[in-house]
Every structure is written in C-alpha cells, then in structure tokens.
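Engineer: File follows, input.pdb with PDB, C-alpha atoms:
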```pdb
ATOM      1  CA  MET A   1      -1.707  16.358   2.783
ATOM      2  CA  VAL A   2      -2.305  12.623   3.189
ATOM      3  CA  LYS A   3      -5.819  11.261   2.816
ATOM      4  CA  ILE A   4      -7.798   8.126   2.168
ATOM      5  CA  LEU A   5      -9.121   8.252  -1.367
ATOM      6  CA  LYS A   6     -12.669   7.390  -2.404
ATOM      7  CA  LYS A   7     -13.567   6.185  -5.873
ATOM      8  CA  GLY A   8     -15.464   8.749  -7.908
ATOM      9  CA  THR A   9     -13.712  11.771  -6.403
ATOM     10  CA  ALA A  10     -11.374  14.172  -8.191
ATOM     11  CA  ASP A  11      -8.528  13.246  -5.798
ATOM     12  CA  PHE A  12      -8.987   9.548  -6.595
ATOM     13  CA  ASP A  13      -8.960  10.235 -10.324
ATOM     14  CA  ARG A  14      -5.850  12.456 -10.055
ATOM     15  CA  MET A  15      -4.054   9.763  -8.074
ATOM     16  CA  VAL A  16      -4.960   7.057 -10.581
ATOM     17  CA  ALA A  17      -3.571   9.252 -13.388
ATOM     18  CA  PHE A  18      -0.392   9.830 -11.339
ATOM     19  CA  ALA A  19      -0.008   6.082 -10.707
ATOM     20  CA  GLU A  20      -0.583   5.287 -14.401
ATOM     21  CA  THR A  21       2.451   7.366 -15.346
ATOM     22  CA  CYS A  22       4.745   6.557 -12.416
ATOM     23  CA  SER A  23       8.169   5.052 -13.034
ATOM     24  CA  TRP A  24       7.398   1.843 -11.089
ATOM     25  CA  GLU A  25       5.442  -1.027 -12.656
ATOM     26  CA  PRO A  26       3.530  -2.017  -9.474
ATOM     27  CA  GLY A  27       2.210   1.553  -9.329
ATOM     28  CA  ARG A  28       0.935   1.302 -12.879
ATOM     29  CA  ASN A  29      -0.679  -2.053 -12.030
ATOM     30  CA  LEU A  30      -2.339  -0.426  -9.013
ATOM     31  CA  ALA A  31      -3.845   2.268 -11.253
ATOM     32  CA  LYS A  32      -5.425  -0.434 -13.403
ATOM     33  CA  ARG A  33      -6.917  -2.217 -10.356
ATOM     34  CA  MET A  34      -8.254   1.046  -8.970
ATOM     35  CA  LYS A  35      -9.973   1.901 -12.251
ATOM     36  CA  GLU A  36     -11.490  -1.567 -12.606
ATOM     37  CA  GLY A  37     -12.450  -2.294  -8.971
ATOM     38  CA  GLU A  38     -15.739  -1.532  -7.290
ATOM     39  CA  GLU A  39     -15.919   0.451  -4.064
ATOM     40  CA  SER A  40     -17.271  -1.617  -1.182
ATOM     41  CA  ASP A  41     -20.359  -0.687   0.784
ATOM     42  CA  GLY A  42     -18.940  -2.421   3.864
ATOM     43  CA  THR A  43     -20.586  -5.798   3.370
ATOM     44  CA  ASN A  44     -19.022  -9.254   3.062
ATOM     45  CA  GLY A  45     -16.155  -8.366   5.396
ATOM     46  CA  ILE A  46     -14.711  -5.799   2.989
ATOM     47  CA  PRO A  47     -14.194  -2.416   4.688
ATOM     48  CA  LYS A  48     -16.509   0.367   3.522
ATOM     49  CA  GLY A  49     -14.776   2.501   0.904
ATOM     50  CA  ALA A  50     -12.225  -0.159   0.014
ATOM     51  CA  ILE A  51     -11.820  -1.178  -3.588
ATOM     52  CA  ALA A  52     -12.914  -4.807  -3.913
ATOM     53  CA  LYS A  53     -10.745  -6.946  -6.177
ATOM     54  CA  ARG A  54     -12.140 -10.445  -5.594
ATOM     55  CA  ALA A  55     -14.507 -12.084  -3.124
ATOM     56  CA  SER A  56     -12.510 -11.220   0.009
ATOM     57  CA  ASP A  57      -9.645  -9.104  -1.337
ATOM     58  CA  TRP A  58      -9.660  -5.349  -0.865
ATOM     59  CA  GLU A  59      -7.418  -2.305  -1.134
ATOM     60  CA  ILE A  60      -7.678   1.130   0.444
ATOM     61  CA  LEU A  61      -5.816   3.765  -1.536
ATOM     62  CA  ILE A  62      -3.942   6.403   0.476
ATOM     63  CA  GLY A  63      -2.598   9.470  -1.309
ATOM     64  CA  ASP A  64      -0.368  12.422  -0.555
ATOM     65  CA  PHE A  65      -1.015  15.744  -2.272
ATOM     66  CA  GLY A  66       0.962  18.971  -2.361
ATOM     67  CA  GLU A  67      -0.501  22.361  -1.454
ATOM     68  CA  ASP A  68      -1.398  22.798  -5.128
ATOM     69  CA  GLY A  69      -3.450  19.566  -5.047
ATOM     70  CA  ALA A  70      -1.007  17.647  -7.229
ATOM     71  CA  PRO A  71      -0.350  14.000  -6.275
ATOM     72  CA  ARG A  72       3.078  13.298  -4.760
ATOM     73  CA  GLY A  73       2.824   9.695  -3.595
ATOM     74  CA  PHE A  74       0.536   6.796  -2.776
ATOM     75  CA  GLY A  75       0.293   3.609  -0.794
ATOM     76  CA  VAL A  76      -2.219   0.850  -0.245
ATOM     77  CA  LEU A  77      -3.571  -0.851   2.842
ATOM     78  CA  SER A  78      -4.771  -4.238   1.623
ATOM     79  CA  SER A  79      -6.042  -7.652   2.594
ATOM     80  CA  THR A  80      -3.428  -9.377   0.473
ATOM     81  CA  ASP A  81      -0.036  -8.553  -0.968
ATOM     82  CA  PHE A  82       1.750 -11.823  -1.645
ATOM     83  CA  PRO A  83      -0.026 -15.022  -2.598
ATOM     84  CA  LYS A  84       0.664 -17.993  -0.323
ATOM     85  CA  VAL A  85       1.313 -15.747   2.711
ATOM     86  CA  ASP A  86      -1.594 -15.695   5.171
ATOM     87  CA  TYR A  87      -1.225 -12.442   7.071
ATOM     88  CA  LEU A  88      -3.272  -9.267   6.951
ATOM     89  CA  PRO A  89      -3.476  -6.345   6.588
ATOM     90  CA  TRP A  90      -0.589  -5.255   4.383
ATOM     91  CA  VAL A  91       1.240  -2.027   3.714
ATOM     92  CA  GLY A  92       1.727  -2.237  -0.005
ATOM     93  CA  VAL A  93       2.644  -0.416  -3.182
ATOM     94  CA  VAL A  94       4.248   2.581  -1.469
ATOM     95  CA  PHE A  95       5.550   5.023  -4.080
ATOM     96  CA  VAL A  96       6.720   8.630  -3.865
ATOM     97  CA  GLY A  97       7.398  10.591  -7.029
ATOM     98  CA  GLU A  98      11.079  11.164  -7.683
ATOM     99  CA  ASP A  99      10.760  14.961  -7.320
ATOM    100  CA  PHE A 100       9.234  14.602  -3.851
ATOM    101  CA  ARG A 101      11.523  12.066  -2.201
ATOM    102  CA  GLY A 102      13.346  12.991   0.988
ATOM    103  CA  ASN A 103      10.299  14.751   2.462
ATOM    104  CA  ARG A 104       9.093  11.842   4.663
ATOM    105  CA  ILE A 105       6.044  11.310   2.480
ATOM    106  CA  SER A 106       6.304   7.502   2.667
ATOM    107  CA  GLU A 107       6.351   7.758   6.469
ATOM    108  CA  LYS A 108       3.163   9.852   6.405
ATOM    109  CA  LEU A 109       1.473   7.386   4.062
ATOM    110  CA  ILE A 110       2.423   4.449   6.278
ATOM    111  CA  ASP A 111       1.210   6.297   9.395
ATOM    112  CA  VAL A 112      -2.244   6.708   7.837
ATOM    113  CA  MET A 113      -2.290   3.035   6.785
ATOM    114  CA  GLU A 114      -1.427   1.998  10.339
ATOM    115  CA  GLN A 115      -4.174   4.237  11.779
ATOM    116  CA  LYS A 116      -6.726   2.817   9.356
ATOM    117  CA  ALA A 117      -5.656  -0.766  10.166
ATOM    118  CA  LYS A 118      -6.215  -0.047  13.876
ATOM    119  CA  GLU A 119      -9.653   1.415  13.101
ATOM    120  CA  LEU A 120     -10.478  -1.821  11.273
ATOM    121  CA  GLY A 121      -9.548  -3.817  14.390
ATOM    122  CA  TYR A 122      -6.077  -5.093  13.504
ATOM    123  CA  ASP A 123      -3.258  -5.076  16.053
ATOM    124  CA  ILE A 124      -0.409  -6.089  13.713
ATOM    125  CA  ILE A 125       0.382  -4.842  10.207
ATOM    126  CA  TYR A 126       2.666  -6.507   7.659
ATOM    127  CA  LEU A 127       4.744  -5.663   4.624
ATOM    128  CA  VAL A 128       6.991  -7.473   2.188
ATOM    129  CA  THR A 129      10.004  -5.881   0.519
ATOM    130  CA  ASP A 130      13.420  -6.393  -0.939
ATOM    131  CA  HIS A 131      14.599  -3.083   0.566
ATOM    132  CA  VAL A 132      17.082  -3.376   3.417
ATOM    133  CA  ASN A 133      17.075  -0.917   6.336
ATOM    134  CA  LEU A 134      14.150   1.089   5.022
ATOM    135  CA  TYR A 135      11.152   0.048   7.106
ATOM    136  CA  GLU A 136      13.033  -0.636  10.343
ATOM    137  CA  LYS A 137      13.134   3.132  10.944
ATOM    138  CA  TYR A 138       9.314   3.062  11.013
ATOM    139  CA  GLY A 139       9.285   0.365  13.701
ATOM    140  CA  TYR A 140       8.952  -2.719  11.494
ATOM    141  CA  GLU A 141      10.843  -5.900  12.336
ATOM    142  CA  LYS A 142      11.881  -8.592   9.898
ATOM    143  CA  PHE A 143      10.447 -11.964  10.917
ATOM    144  CA  ASP A 144      10.613 -14.201   7.852
ATOM    145  CA  THR A 145      11.338 -14.468   4.129
ATOM    146  CA  CYS A 146       9.344 -15.785   1.191
ATOM    147  CA  ALA A 147       9.836 -16.474  -2.500
ATOM    148  CA  CYS A 148       8.407 -13.959  -4.962
ATOM    149  CA  PRO A 149       5.367 -15.193  -6.886
ATOM    150  CA  TRP A 150       6.812 -13.862 -10.173
ATOM    151  CA  ASP A 151      10.293 -15.346  -9.592
ATOM    152  CA  GLU A 152      10.663 -18.245  -7.157
ATOM    153  CA  LYS A 153      14.449 -17.670  -7.072
ATOM    154  CA  GLN A 154      14.016 -14.139  -5.706
ATOM    155  CA  VAL A 155      13.490 -13.876  -1.947
ATOM    156  CA  GLU A 156      11.685 -11.023  -0.208
ATOM    157  CA  SER A 157      11.686 -10.141   3.485
ATOM    158  CA  LEU A 158       8.515 -10.159   5.574
ATOM    159  CA  TYR A 159       8.171  -7.415   8.180
ATOM    160  CA  ARG A 160       5.581  -6.743  10.871
ATOM    161  CA  LYS A 161       4.743  -4.057  13.374
ATOM    162  CA  ALA A 162       2.494  -4.130  16.413
ATOM    163  CA  LEU A 163      -0.077  -1.353  16.334
TER     164      LEU A 163
END
```
Turn this file's structure into structure tokens for me.
Structural biologist:
Amino acid sequence: MVKILKKGTADFDRMVAFAETCSWEPGRNLAKRMKEGEESDGTNGIPKGAIAKRASDWEILIGDFGEDGAPRGFGVLSSTDFPKVDYLPWVGVVFVGEDFRGNRISEKLIDVMEQKAKELGYDIIYLVTDHVNLYEKYGYEKFDTCACPWDEKQVESLYRKAL
C-alpha cells in the first residue's frame, strides 16, 4: 500500500529506519533529513504535512508498505532536487528494496507523487536521473541535461511530464 507519510507516525518512523539502512546513499541522506526536519503547518508556501528543510524547501515522503506493514520502497515529492535548476516540483529519491523490485512499486510511488503535485496546483512535474529508458515508460520526456552538483563532469538528464 502506498501512502503519504506524516512525521510522528509509526509508518513514518518505520520508513525512516528502512531508509537509514538502504543500500543507496541518497536514501540514507533522506532518512537524516526526515529525522531532522520539521513538519509544516501549511504556512509560508510550504504544503501542510511537508517536511521543511529551509525557508522555502520542502519534501513530502511517500512510502510503500507490504501487507505485513513492512516498508518496501519510498520516494519524495519536493520543491528542489538539483541546485541551480529552477523547476518544481520534483520526483526524487525513488528507491525500492532489492527484494521487492519488479513489482511496479516505483510506478505506484510516482503515481502518488503526481497526484499530490496536481492537488498542490502544479501542471508539470520534473525529475533528474542518470538512468536511461526508465522513466519514459511512465510518460516522462527528456528535455535537457545538467551537471551534477557533486561532480561537474557528470551529466544528468532532466525529464518532465504534464499532469
């Protein structure tokens, strides 16, 4: 089951623990931000329930859980993903545990992010990746490239999708 996670709930805490031990460094970084961030009350342009990082930056954690309640994957709808790129909102930090891959969990996570973006009034959603032929199957189109903030020699592809 895919759901939007709220800070202070058991599901949120289970997902943070899952992200802390995942095999992908950005997932572990996400866990740290989720533990440290404050949940927004909907003021200052930050959506209610989002985790506020800085003055205008926010993240909404989306999680997938098995029938037993165990976390299987996560993703983030956020106001920022890459510095120096002025688009929003972003599909970001999508991760599915190795034992659960091949079950279309990432597609379900992205669907919920897209629905939430529409609810927030956005008509286009963006993502950045080095994966080739992964997000096209979800309706995303490549429209540009950009250098990675951690390695200016590495280039990532920018994708977008009309909602």
Engineer: How would you write as a PyMOL selection string the residues that get within 12 Å of (-2.9, 12.8, -9.9) in the file's frame, counting all atoms listed in the file?
Structural biologist: chain A and resi 5+9-22+31+63-66+68-74+97
Engineer: Pick out the closest residue to A:Tyr122 from this set: A:Leu158, A:Leu163, A:Ala147, A:Val91. Count only C-alpha atoms.
Structural biologist: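 Checking each candidate against A:Tyr122, we get A:Leu163 as the closest.
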Engineer: How would you write, as a ChimeraX atom specification, the residues chosen by the PyMOL selection byres ((chain A and resi 32-49) around 10) on this structure?
Structural biologist: /A:4-8,12-13,15-17,19-20,26-31,50-61,79,120
Engineer: Taking only C-alpha atoms into account, name the residue in A:Cys146, A:Ala162, A:Val155, A:Val94 that is nearest to A:Leu134.
Structural biologist: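 Checking each of A:Cys146, A:Ala162, A:Val155, A:Val94 against A:Leu134, counting only C-alpha atoms, the winner is A:Val94.
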Engineer: Could you tell me how far atom CA of A:Glu114 sits from atom CA of A:Trp90, in Å to one decimal place?
Structural biologist: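 Atom CA of A:Glu114 lies 9.4 Å from atom CA of A:Trp90.
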Engineer: Tell me which of A:Val132, A:Val93, A:Arg160, A:Gly75 sits closest to A:Asp144, counting only C-alpha atoms.
Structural biologist: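 Under the stated criterion, the closest residue is A:Arg160.
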Engineer: Figure out the distance between atom CA of A:Ser23 and atom CA of A:His131, please, to one decimal in Å.
Structural biologist: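 Interatomic distance here is 17.1 Å.
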Engineer: Check what the PyMOL selection byres ((chain A and resi 124-126) around 10) selects in the file above and give those residues as an NGL selection string.
Structural biologist: :A and (77-78 or 80-81 or 87-92 or 113-114 or 117-118 or 121-123 or 127-128 or 140-142 or 158-163)
Engineer: From the options A:Ile110, A:Glu25, A:Asp151, A:Ser157, which residue's atoms come nearest to A:Lys137, counting all atoms listed in the file?
Structural biologist: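 Selected residue with least distance to A:Lys137: A:Ile110.
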Engineer: Would you mind reading off the distance between atom CA of A:Glu67 and atom CA of A:Ile105, one decimal, in Å?
Structural biologist: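 These atoms are spaced 13.4 Å apart.
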Engineer: Pick the closest to A:Gly139 from A:Arg101, A:Glu107, A:Val96, A:Trp24: which is it, counting only C-alpha atoms?
Structural biologist: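 Residue with the minimum atom-to-atom distance to A:Gly139: A:Glu107.
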Engineer: Any chance you could model N, CA and C atoms for stretch 19-48 of chain A and send them as a PDB file, keeping the file's coordinate frame?
Structural biologist:
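As written to disk, out_13.pdb reads:
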```pdb
ATOM      1  N   ALA A  19      -0.518   7.452 -10.793  1.00  0.00           N
ATOM      2  CA  ALA A  19      -0.008   6.082 -10.707  1.00  0.00           C
ATOM      3  C   ALA A  19       0.178   5.473 -12.103  1.00  0.00           C
ATOM      4  N   GLU A  20      -0.696   5.816 -13.034  1.00  0.00           N
ATOM      5  CA  GLU A  20      -0.583   5.287 -14.401  1.00  0.00           C
ATOM      6  C   GLU A  20       0.720   5.701 -15.077  1.00  0.00           C
ATOM      7  N   THR A  21       1.246   6.842 -14.690  1.00  0.00           N
ATOM      8  CA  THR A  21       2.451   7.366 -15.346  1.00  0.00           C
ATOM      9  C   THR A  21       3.692   7.289 -14.461  1.00  0.00           C
ATOM     10  N   CYS A  22       3.582   6.620 -13.307  1.00  0.00           N
ATOM     11  CA  CYS A  22       4.745   6.557 -12.416  1.00  0.00           C
ATOM     12  C   CYS A  22       5.822   5.650 -13.016  1.00  0.00           C
ATOM     13  N   SER A  23       7.018   5.774 -12.496  1.00  0.00           N
ATOM     14  CA  SER A  23       8.169   5.052 -13.034  1.00  0.00           C
ATOM     15  C   SER A  23       8.268   3.604 -12.542  1.00  0.00           C
ATOM     16  N   TRP A  24       7.331   3.155 -11.735  1.00  0.00           N
ATOM     17  CA  TRP A  24       7.398   1.843 -11.089  1.00  0.00           C
ATOM     18  C   TRP A  24       6.217   0.993 -11.553  1.00  0.00           C
ATOM     19  N   GLU A  25       6.492  -0.168 -12.091  1.00  0.00           N
ATOM     20  CA  GLU A  25       5.442  -1.027 -12.656  1.00  0.00           C
ATOM     21  C   GLU A  25       4.328  -1.381 -11.664  1.00  0.00           C
ATOM     22  N   PRO A  26       4.637  -1.735 -10.400  1.00  0.00           N
ATOM     23  CA  PRO A  26       3.530  -2.017  -9.474  1.00  0.00           C
ATOM     24  C   PRO A  26       2.577  -0.831  -9.296  1.00  0.00           C
ATOM     25  N   GLY A  27       3.085   0.382  -9.401  1.00  0.00           N
ATOM     26  CA  GLY A  27       2.210   1.553  -9.329  1.00  0.00           C
ATOM     27  C   GLY A  27       1.266   1.619 -10.519  1.00  0.00           C
ATOM     28  N   ARG A  28       1.783   1.312 -11.686  1.00  0.00           N
ATOM     29  CA  ARG A  28       0.935   1.302 -12.879  1.00  0.00           C
ATOM     30  C   ARG A  28      -0.106   0.176 -12.794  1.00  0.00           C
ATOM     31  N   ASN A  29       0.283  -0.956 -12.228  1.00  0.00           N
ATOM     32  CA  ASN A  29      -0.679  -2.053 -12.030  1.00  0.00           C
ATOM     33  C   ASN A  29      -1.767  -1.650 -11.037  1.00  0.00           C
ATOM     34  N   LEU A  30      -1.367  -0.912  -9.993  1.00  0.00           N
ATOM     35  CA  LEU A  30      -2.339  -0.426  -9.013  1.00  0.00           C
ATOM     36  C   LEU A  30      -3.370   0.470  -9.694  1.00  0.00           C
ATOM     37  N   ALA A  31      -2.919   1.372 -10.560  1.00  0.00           N
ATOM     38  CA  ALA A  31      -3.845   2.268 -11.253  1.00  0.00           C
ATOM     39  C   ALA A  31      -4.907   1.474 -12.010  1.00  0.00           C
ATOM     40  N   LYS A  32      -4.493   0.413 -12.655  1.00  0.00           N
ATOM     41  CA  LYS A  32      -5.425  -0.434 -13.403  1.00  0.00           C
ATOM     42  C   LYS A  32      -6.458  -1.063 -12.458  1.00  0.00           C
ATOM     43  N   ARG A  33      -5.996  -1.608 -11.324  1.00  0.00           N
ATOM     44  CA  ARG A  33      -6.917  -2.217 -10.356  1.00  0.00           C
ATOM     45  C   ARG A  33      -7.887  -1.184  -9.798  1.00  0.00           C
ATOM     46  N   MET A  34      -7.391   0.011  -9.531  1.00  0.00           N
ATOM     47  CA  MET A  34      -8.254   1.046  -8.970  1.00  0.00           C
ATOM     48  C   MET A  34      -9.337   1.464  -9.971  1.00  0.00           C
ATOM     49  N   LYS A  35      -8.994   1.531 -11.226  1.00  0.00           N
ATOM     50  CA  LYS A  35      -9.973   1.901 -12.251  1.00  0.00           C
ATOM     51  C   LYS A  35     -11.016   0.808 -12.444  1.00  0.00           C
ATOM     52  N   GLU A  36     -10.595  -0.451 -12.332  1.00  0.00           N
ATOM     53  CA  GLU A  36     -11.490  -1.567 -12.606  1.00  0.00           C
ATOM     54  C   GLU A  36     -12.310  -1.992 -11.392  1.00  0.00           C
ATOM     55  N   GLY A  37     -11.795  -1.792 -10.175  1.00  0.00           N
ATOM     56  CA  GLY A  37     -12.450  -2.294  -8.971  1.00  0.00           C
ATOM     57  C   GLY A  37     -13.686  -1.513  -8.582  1.00  0.00           C
ATOM     58  N   GLU A  38     -14.521  -2.153  -7.803  1.00  0.00           N
ATOM     59  CA  GLU A  38     -15.739  -1.532  -7.290  1.00  0.00           C
ATOM     60  C   GLU A  38     -15.535  -1.143  -5.835  1.00  0.00           C
ATOM     61  N   GLU A  39     -16.031   0.020  -5.452  1.00  0.00           N
ATOM     62  CA  GLU A  39     -15.919   0.451  -4.064  1.00  0.00           C
ATOM     63  C   GLU A  39     -16.919  -0.330  -3.220  1.00  0.00           C
ATOM     64  N   SER A  40     -16.445  -0.799  -2.068  1.00  0.00           N
ATOM     65  CA  SER A  40     -17.271  -1.617  -1.182  1.00  0.00           C
ATOM     66  C   SER A  40     -18.228  -0.767  -0.362  1.00  0.00           C
ATOM     67  N   ASP A  41     -19.388  -1.344  -0.095  1.00  0.00           N
ATOM     68  CA  ASP A  41     -20.359  -0.687   0.784  1.00  0.00           C
ATOM     69  C   ASP A  41     -20.224  -1.163   2.226  1.00  0.00           C
ATOM     70  N   GLY A  42     -19.183  -1.951   2.504  1.00  0.00           N
ATOM     71  CA  GLY A  42     -18.940  -2.421   3.864  1.00  0.00           C
ATOM     72  C   GLY A  42     -19.522  -3.782   4.157  1.00  0.00           C
ATOM     73  N   THR A  43     -20.025  -4.461   3.158  1.00  0.00           N
ATOM     74  CA  THR A  43     -20.586  -5.798   3.370  1.00  0.00           C
ATOM     75  C   THR A  43     -19.550  -6.859   3.039  1.00  0.00           C
ATOM     76  N   ASN A  44     -19.864  -8.090   3.372  1.00  0.00           N
ATOM     77  CA  ASN A  44     -19.022  -9.254   3.062  1.00  0.00           C
ATOM     78  C   ASN A  44     -17.620  -9.164   3.653  1.00  0.00           C
ATOM     79  N   GLY A  45     -17.453  -8.446   4.750  1.00  0.00           N
ATOM     80  CA  GLY A  45     -16.155  -8.366   5.396  1.00  0.00           C
ATOM     81  C   GLY A  45     -15.171  -7.429   4.727  1.00  0.00           C
ATOM     82  N   ILE A  46     -15.582  -6.757   3.675  1.00  0.00           N
ATOM     83  CA  ILE A  46     -14.711  -5.799   2.989  1.00  0.00           C
ATOM     84  C   ILE A  46     -14.996  -4.425   3.572  1.00  0.00           C
ATOM     85  N   PRO A  47     -13.954  -3.719   4.067  1.00  0.00           N
ATOM     86  CA  PRO A  47     -14.194  -2.416   4.688  1.00  0.00           C
ATOM     87  C   PRO A  47     -14.899  -1.442   3.746  1.00  0.00           C
ATOM     88  N   LYS A  48     -15.806  -0.661   4.297  1.00  0.00           N
ATOM     89  CA  LYS A  48     -16.509   0.367   3.522  1.00  0.00           C
ATOM     90  C   LYS A  48     -15.491   1.305   2.887  1.00  0.00           C
TER      91      LYS A  48
END
```
